[in-house]
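Novice: Here it is: the structure, laid out below.
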Amino acid sequence: MTISKRQTSMRTHMCGEIGTSDIGQTVTVCGWVAKRREHGDKLAFVDLRDYSGIVQCVIDNAVDVRSEYVVKITGVVRPRPEGTVNVNLSTGEVEIGECVVEVLRSAEPPPFPVDARADDVDENVRLQYRYIDIRRERMQKNLRTRAKVNSAVRTAMESQGFVEVETPMLVPSTPEGAREFLVPSRKEPGSFYALPQSPQLFKQLLMVAGIDRYYQIARCLRDEDLRADRQYEFMQLDAEMSFVNQDDVLAAISTAVIAAAESVTGVKPDPIQQITWREAMERFGVDKPDLRFGMELTELTSIFSSTEFKAFAGAESIKGIRVEGKAEEFGRNKLDALTDRAKKMGAKGLVWLKVATDGTLESPVVKFLSADEQSQLISSLQAKAGDLLLIVADEWSMTCEVLGTLRNDLGRPPVHQGPYRYVWVTEFPLFVGVDKETGQPKPGHHPFCQPHPDDLDKFESDPMSVRSLAYDLVLNGWELGSGSIRIHEPEMQRRVFTALGISEDEANRKFGFFLKPFTYGAPPHGGFAFGLDRLVAILAGEENIREVIAFPKTQSGQDPMTNAPTRAENKQLDELGIRVLPPKV
Ligand code: ASP
């Protein structure tokens with residue numbers, strides 16, 4: 001007899017675990033009525049469901065049980081009659097007969113059938129009745145996958161000497177770039193806490209405090225528009241280590257990610273490869289490359305160094321991609337749509353060419369290209385008959401962005417269609433773009449990242465070309481997380497603040513509580529954080545992180561089950577010293 005580990009004082013077995021080895025045994029199972037079918041006048045078949053699966057019970061027709069009633073059934077396990085075995089069910093060879101049924105709780109008819117497929121039910125309705133949605137196999141599987149990942153991550157971190165330390169949820173505003181949620185202070189009306197966008201500052205202070213290796217499965221909150229891979233609240237494996245260089249951090253985090261993946265898939269991923277940010281941009285056009293497919297960007301600038309074709313002449317960067325065998329599929333409308341997409345991203349245009357069966361190029365622009373340019377184009381892109389070639393000539397960052405996006409649009413397989421391709425992207429730029437208001441550079445990650453030691457001599461003269469010791473972990477085109485080696489010397493921190501246009505006064509005002517501890521002996525340190533929701537979603541084959549979160553918000557930030565956010569009472573607002581202005585008309 002299989003005695004389940006989940007045996008309790010109410011049940012002897014889990015529904016989904018009953019099998020032929022239990023034949024002849026009297027068992028008690030508890031669960032929800034998944035289905036009831038009448039079987040003549042006297043008997044009914046009830047499929048009883050708990051999270052482990054379904055078992056068929058043969059009950060007296062007179063017993064009043066309906067869909068989703070909660071019942072306890074005691075009976076004898078027996079083989080199903082010949083010809084009625086259900087090979088699709090783990091318990092399909094047996095049934096429970098001679099049943100005594102106790103109704104533990106009746107139930108209203110559910111708003112949607114629990115066995116319906118997720119895409120058959122409107123997502124708002126699923127979220128409104130999430131407690132019923134979670135009864136379904138898909139959500140049960142996803143939440144259990146999530147638990148496995150959490151558990152594997154904890155084990156991997158602890159086995160490497162990391163200590164779990166919790167950090168506060170009510171924190172000062174921090175400079176990590178995302179919009180924060182603010183919490184008004186009752187004791188000090190007009191003052192606010194922020195909810196942590198990450199435990200960044202606290203984990204660095206734990207290094208000053210000698211914790212040496214910290215980790216936390218931390219809740220982070222960011223008031224950013226929601227998307228398939230973004231929720232207001234999300235979970236990160238957050239970690240920080242002392243006396244390390246970049247390779248130490250990458251190795252520790254790789255160990256945790258590999259363990260998490262193996263716990264779900266049963267297959268240990270290969271060691272995670274590394275590429276630099278520059279290489280990622282040159283080859284894939286984006287800083288989170290999906291390595292599951294080719295269609296890499298090809299550098300073409302030198303071919304057109306003395307071209308007569310105006311659109312290419314003098315361009316800082318000319319790159320192309322080869323869309324294999326797609327020439328015929330792309331008629332005028334589709335090509336116009338691609339061009340529009342490129343223009344919306346800010347490109348001046350998109351040049352397309354098709355390779356004809358005789359190997360020559362066809363395009364309205366062919367007449368502007370010399371024979372030599374055409375043949376070099378074909379050989380550089382390794383173009384073959386039937387291919388579609390897409391070319392962008394623009395500033396370097398624009399050619400990367402446009403072709404990187406088109407590469408993803410045209411080639412990226414769906415999430416559930418593995419394989420898993422992890423990659424570390426290193427040497428991110430220290431600064432990206434310029435703040436429109438201040439005219440100063442903006443930090444690429446956050447202002448505490450260590451500049452690359454080889455670039456310090458051009459720090460003041462050419463700050464935009466300075467690399468940092470910041471790195472991202474990417475899986476199948478999703479950014480799983482980021483980290484960096486941190487600045488631990490006040491002098492270096494001052495140089496970065498100066499480059500960012502933050503005066504000493506302002507720095508002290510904003511982050512004084514963070515900077516002062518560094519004067520008391522800060523060890524060299526670095527860390528990383530990766531989004532558990534994203535990793536779980538990919539491992540579960542889901543396109544949207546809402547599918548792996550028990551109680552997520554909708555795209556518009558609402559919770560249809562609790563109706564949050566809701567209006568506060570005037571009395572509460574008065575206590576907080578908050579006046580709500582009428583909406584602007
Ligand atoms: N706090 C950073 C983030 O959430 C990660 C890190 O630098 O450790 O992206």
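Quick note on naming: the chains in the structure tokens go A, B, ... in the order shown, residues restart at 1 in each chain, and ligands are numbered from 1 in order of appearance.
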Please provide the set of residues having any atom within 8 Å of Leu576 (chain A), restricted to only C-alpha atoms, with same-chain residues fewer than 2 positions apart removed, written as a PyMOL selection string.
Specialist: chain A and resi 184-187+189-190+572-574+578
Novice: So that each row is one residue of chain A with an atom at most 8 Å from ligand 1, can you give its shortest atom pair and the distance in Å to one decimal, using only C-alpha atoms and all ligand atoms, rows by chain and rising number, as a Markdown table?
Specialist:
```
| residue | atom | partner | partner_atom_place_in_ligand_line | distance |
| --- | --- | --- | --- | --- |
| A:Glu176 | CA | ligand 1 | 1 (N) | 7.4 |
| A:Gln197 | CA | ligand 1 | 4 (O) | 6.9 |
| A:Ser198 | CA | ligand 1 | 4 (O) | 5.0 |
| A:Pro199 | CA | ligand 1 | 1 (N) | 6.4 |
| A:Gln200 | CA | ligand 1 | 1 (N) | 4.5 |
| A:Cys220 | CA | ligand 1 | 4 (O) | 7.8 |
| A:Gln236 | CA | ligand 1 | 4 (O) | 7.6 |
| A:Asp238 | CA | ligand 1 | 8 (O) | 6.5 |
| A:Ala239 | CA | ligand 1 | 8 (O) | 6.6 |
| A:Glu240 | CA | ligand 1 | 8 (O) | 7.0 |
| A:His445 | CA | ligand 1 | 9 (O) | 7.4 |
| A:His446 | CA | ligand 1 | 7 (O) | 7.4 |
| A:Cys449 | CA | ligand 1 | 7 (O) | 7.9 |
| A:Ala470 | CA | ligand 1 | 7 (O) | 7.9 |
| A:Gly481 | CA | ligand 1 | 9 (O) | 6.2 |
| A:Ser482 | CA | ligand 1 | 5 (C) | 5.0 |
| A:Gly483 | CA | ligand 1 | 7 (O) | 3.6 |
| A:Ser484 | CA | ligand 1 | 7 (O) | 5.4 |
| A:Gly526 | CA | ligand 1 | 8 (O) | 7.5 |
| A:Gly527 | CA | ligand 1 | 8 (O) | 4.8 |
| A:Phe528 | CA | ligand 1 | 8 (O) | 3.6 |
| A:Ala529 | CA | ligand 1 | 5 (C) | 4.5 |
| A:Phe530 | CA | ligand 1 | 5 (C) | 7.4 |
```
Novice: Near Met561 (chain A), within 8 Å and counting only C-alpha atoms, which residues show up once chain neighbours fewer than 3 positions away are dropped, as a list in words?
Specialist: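 Contacts, with the query itself left out: Leu127, Gln128, Tyr129 and Arg130 of chain A.
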Novice: Can you list, as an NGL selection string, every protein, DNA or RNA residue that comes within 8 Å of region 141-144 of chain A when you count only C-alpha atoms, leaving out same-chain residues fewer than 3 positions away?
Specialist: :A and (137-138 or 147-148 or 536 or 540 or 547-550)
Novice: Write the selection just made, keeping N, CA, C and O atoms, as an mmCIF file, in the first residue's frame?
Specialist:
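For reference, selection_10.cif as written:
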```
data_model
loop_
_atom_site.group_PDB
_atom_site.id
_atom_site.type_symbol
_atom_site.label_atom_id
_atom_site.label_comp_id
_atom_site.auth_asym_id
_atom_site.auth_seq_id
_atom_site.Cartn_x
_atom_site.Cartn_y
_atom_site.Cartn_z
ATOM 1 N N GLU A 137 -4.960 22.941 -12.734
ATOM 2 C CA GLU A 137 -3.682 22.236 -12.839
ATOM 3 C C GLU A 137 -2.520 23.177 -13.190
ATOM 4 O O GLU A 137 -1.439 23.090 -12.623
ATOM 5 N N ARG A 138 -2.802 24.095 -14.129
ATOM 6 C CA ARG A 138 -1.705 24.960 -14.607
ATOM 7 C C ARG A 138 -1.146 25.816 -13.470
ATOM 8 O O ARG A 138 0.072 25.917 -13.288
ATOM 9 N N ALA A 147 7.966 27.320 -6.009
ATOM 10 C CA ALA A 147 8.461 26.899 -4.696
ATOM 11 C C ALA A 147 9.761 26.100 -4.847
ATOM 12 O O ALA A 147 10.692 26.237 -4.051
ATOM 13 N N LYS A 148 9.824 25.269 -5.885
ATOM 14 C CA LYS A 148 11.046 24.480 -6.122
ATOM 15 C C LYS A 148 12.220 25.404 -6.396
ATOM 16 O O LYS A 148 13.335 25.187 -5.908
ATOM 17 N N VAL A 536 11.139 31.842 -13.107
ATOM 18 C CA VAL A 536 10.109 30.808 -12.958
ATOM 19 C C VAL A 536 9.214 30.786 -14.200
ATOM 20 O O VAL A 536 8.869 29.722 -14.714
ATOM 21 N N ALA A 540 8.654 27.636 -16.479
ATOM 22 C CA ALA A 540 7.300 27.065 -16.547
ATOM 23 C C ALA A 540 6.720 27.204 -17.955
ATOM 24 O O ALA A 540 5.591 26.784 -18.207
ATOM 25 N N GLU A 547 1.312 34.593 -14.584
ATOM 26 C CA GLU A 547 0.947 33.169 -14.503
ATOM 27 C C GLU A 547 1.727 32.417 -13.423
ATOM 28 O O GLU A 547 1.425 31.266 -13.145
ATOM 29 N N VAL A 548 2.755 33.058 -12.885
ATOM 30 C CA VAL A 548 3.527 32.354 -11.849
ATOM 31 C C VAL A 548 3.476 33.096 -10.520
ATOM 32 O O VAL A 548 4.250 32.827 -9.615
ATOM 33 N N ILE A 549 2.551 34.048 -10.417
ATOM 34 C CA ILE A 549 2.383 34.808 -9.169
ATOM 35 C C ILE A 549 0.985 34.498 -8.650
ATOM 36 O O ILE A 549 0.007 34.563 -9.412
ATOM 37 N N ALA A 550 0.879 34.162 -7.371
ATOM 38 C CA ALA A 550 -0.428 33.742 -6.846
ATOM 39 C C ALA A 550 -1.460 34.853 -7.004
ATOM 40 O O ALA A 550 -2.554 34.625 -7.520
#
```
Novice: Record the distance separating CA of Glu233 (chain A) and CA of Arg146 (chain A), expressed in Å with one decimal.
Specialist: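 According to the coordinates, CA of Glu233 (chain A) and CA of Arg146 (chain A) are separated by 15.6 Å.
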Novice: For Gly75 (chain A), which residue out of A:Ser556, A:Arg126, A:Arg11, A:Ala62 is the nearest one, using only C-alpha atoms?
Specialist: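 That would be A:Arg11, the residue with the smallest distance to Gly75 (chain A).
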Novice: A:Phe514, A:Trp352, A:Phe448, A:Phe284: which is nearest Thr405 (chain A), counting only C-alpha atoms?
Specialist: A:Phe284
Novice: If you run DSSP on the backbone here, which positions in region 405-462 of chain A get helix (DSSP H, G or I)? Please write them as a short mmCIF file (atom, residue, chain, number, x, y, z; two decimals) with N, CA and C atoms, in the first residue's frame.
Specialist:
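As written to disk, selection24.cif reads:
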```
data_model
loop_
_atom_site.label_atom_id
_atom_site.label_comp_id
_atom_site.auth_asym_id
_atom_site.auth_seq_id
_atom_site.Cartn_x
_atom_site.Cartn_y
_atom_site.Cartn_z
N THR A 405 15.72 44.89 -32.77
CA THR A 405 14.28 44.71 -32.58
C THR A 405 13.69 43.88 -33.71
N LEU A 406 14.08 44.18 -34.96
CA LEU A 406 13.54 43.41 -36.09
C LEU A 406 13.99 41.95 -36.01
N ARG A 407 15.23 41.75 -35.58
CA ARG A 407 15.71 40.37 -35.43
C ARG A 407 14.80 39.61 -34.46
N ASN A 408 14.47 40.24 -33.33
CA ASN A 408 13.59 39.58 -32.36
C ASN A 408 12.20 39.38 -32.95
N ASP A 409 11.67 40.42 -33.60
CA ASP A 409 10.32 40.32 -34.17
C ASP A 409 10.23 39.16 -35.15
N LEU A 410 11.29 39.01 -35.97
CA LEU A 410 11.19 38.07 -37.09
C LEU A 410 11.70 36.67 -36.74
N GLY A 411 12.49 36.57 -35.67
CA GLY A 411 13.12 35.27 -35.45
C GLY A 411 12.89 34.63 -34.10
N PRO A 453 38.45 49.52 -14.42
CA PRO A 453 39.76 50.10 -14.08
C PRO A 453 40.55 50.53 -15.31
N ASP A 454 40.34 49.88 -16.47
CA ASP A 454 41.11 50.25 -17.67
C ASP A 454 40.63 51.56 -18.29
N ASP A 455 39.50 52.10 -17.82
CA ASP A 455 38.94 53.30 -18.47
C ASP A 455 39.07 54.55 -17.61
N LEU A 456 39.80 54.43 -16.47
CA LEU A 456 39.80 55.57 -15.54
C LEU A 456 40.49 56.80 -16.11
N ASP A 457 41.47 56.58 -17.02
CA ASP A 457 42.20 57.74 -17.55
C ASP A 457 41.30 58.62 -18.43
N LYS A 458 40.21 58.09 -18.95
CA LYS A 458 39.34 58.96 -19.76
C LYS A 458 38.04 59.30 -19.03
#
```
Novice: Smallest atom-to-atom distance to Val249 (chain A): which of A:Leu473, A:Val585, A:Leu480, A:Ile59, using only C-alpha atoms?
Specialist: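 Between A:Leu473, A:Val585, A:Leu480, A:Ile59, the residue approaching Val249 (chain A) most closely is A:Leu473.
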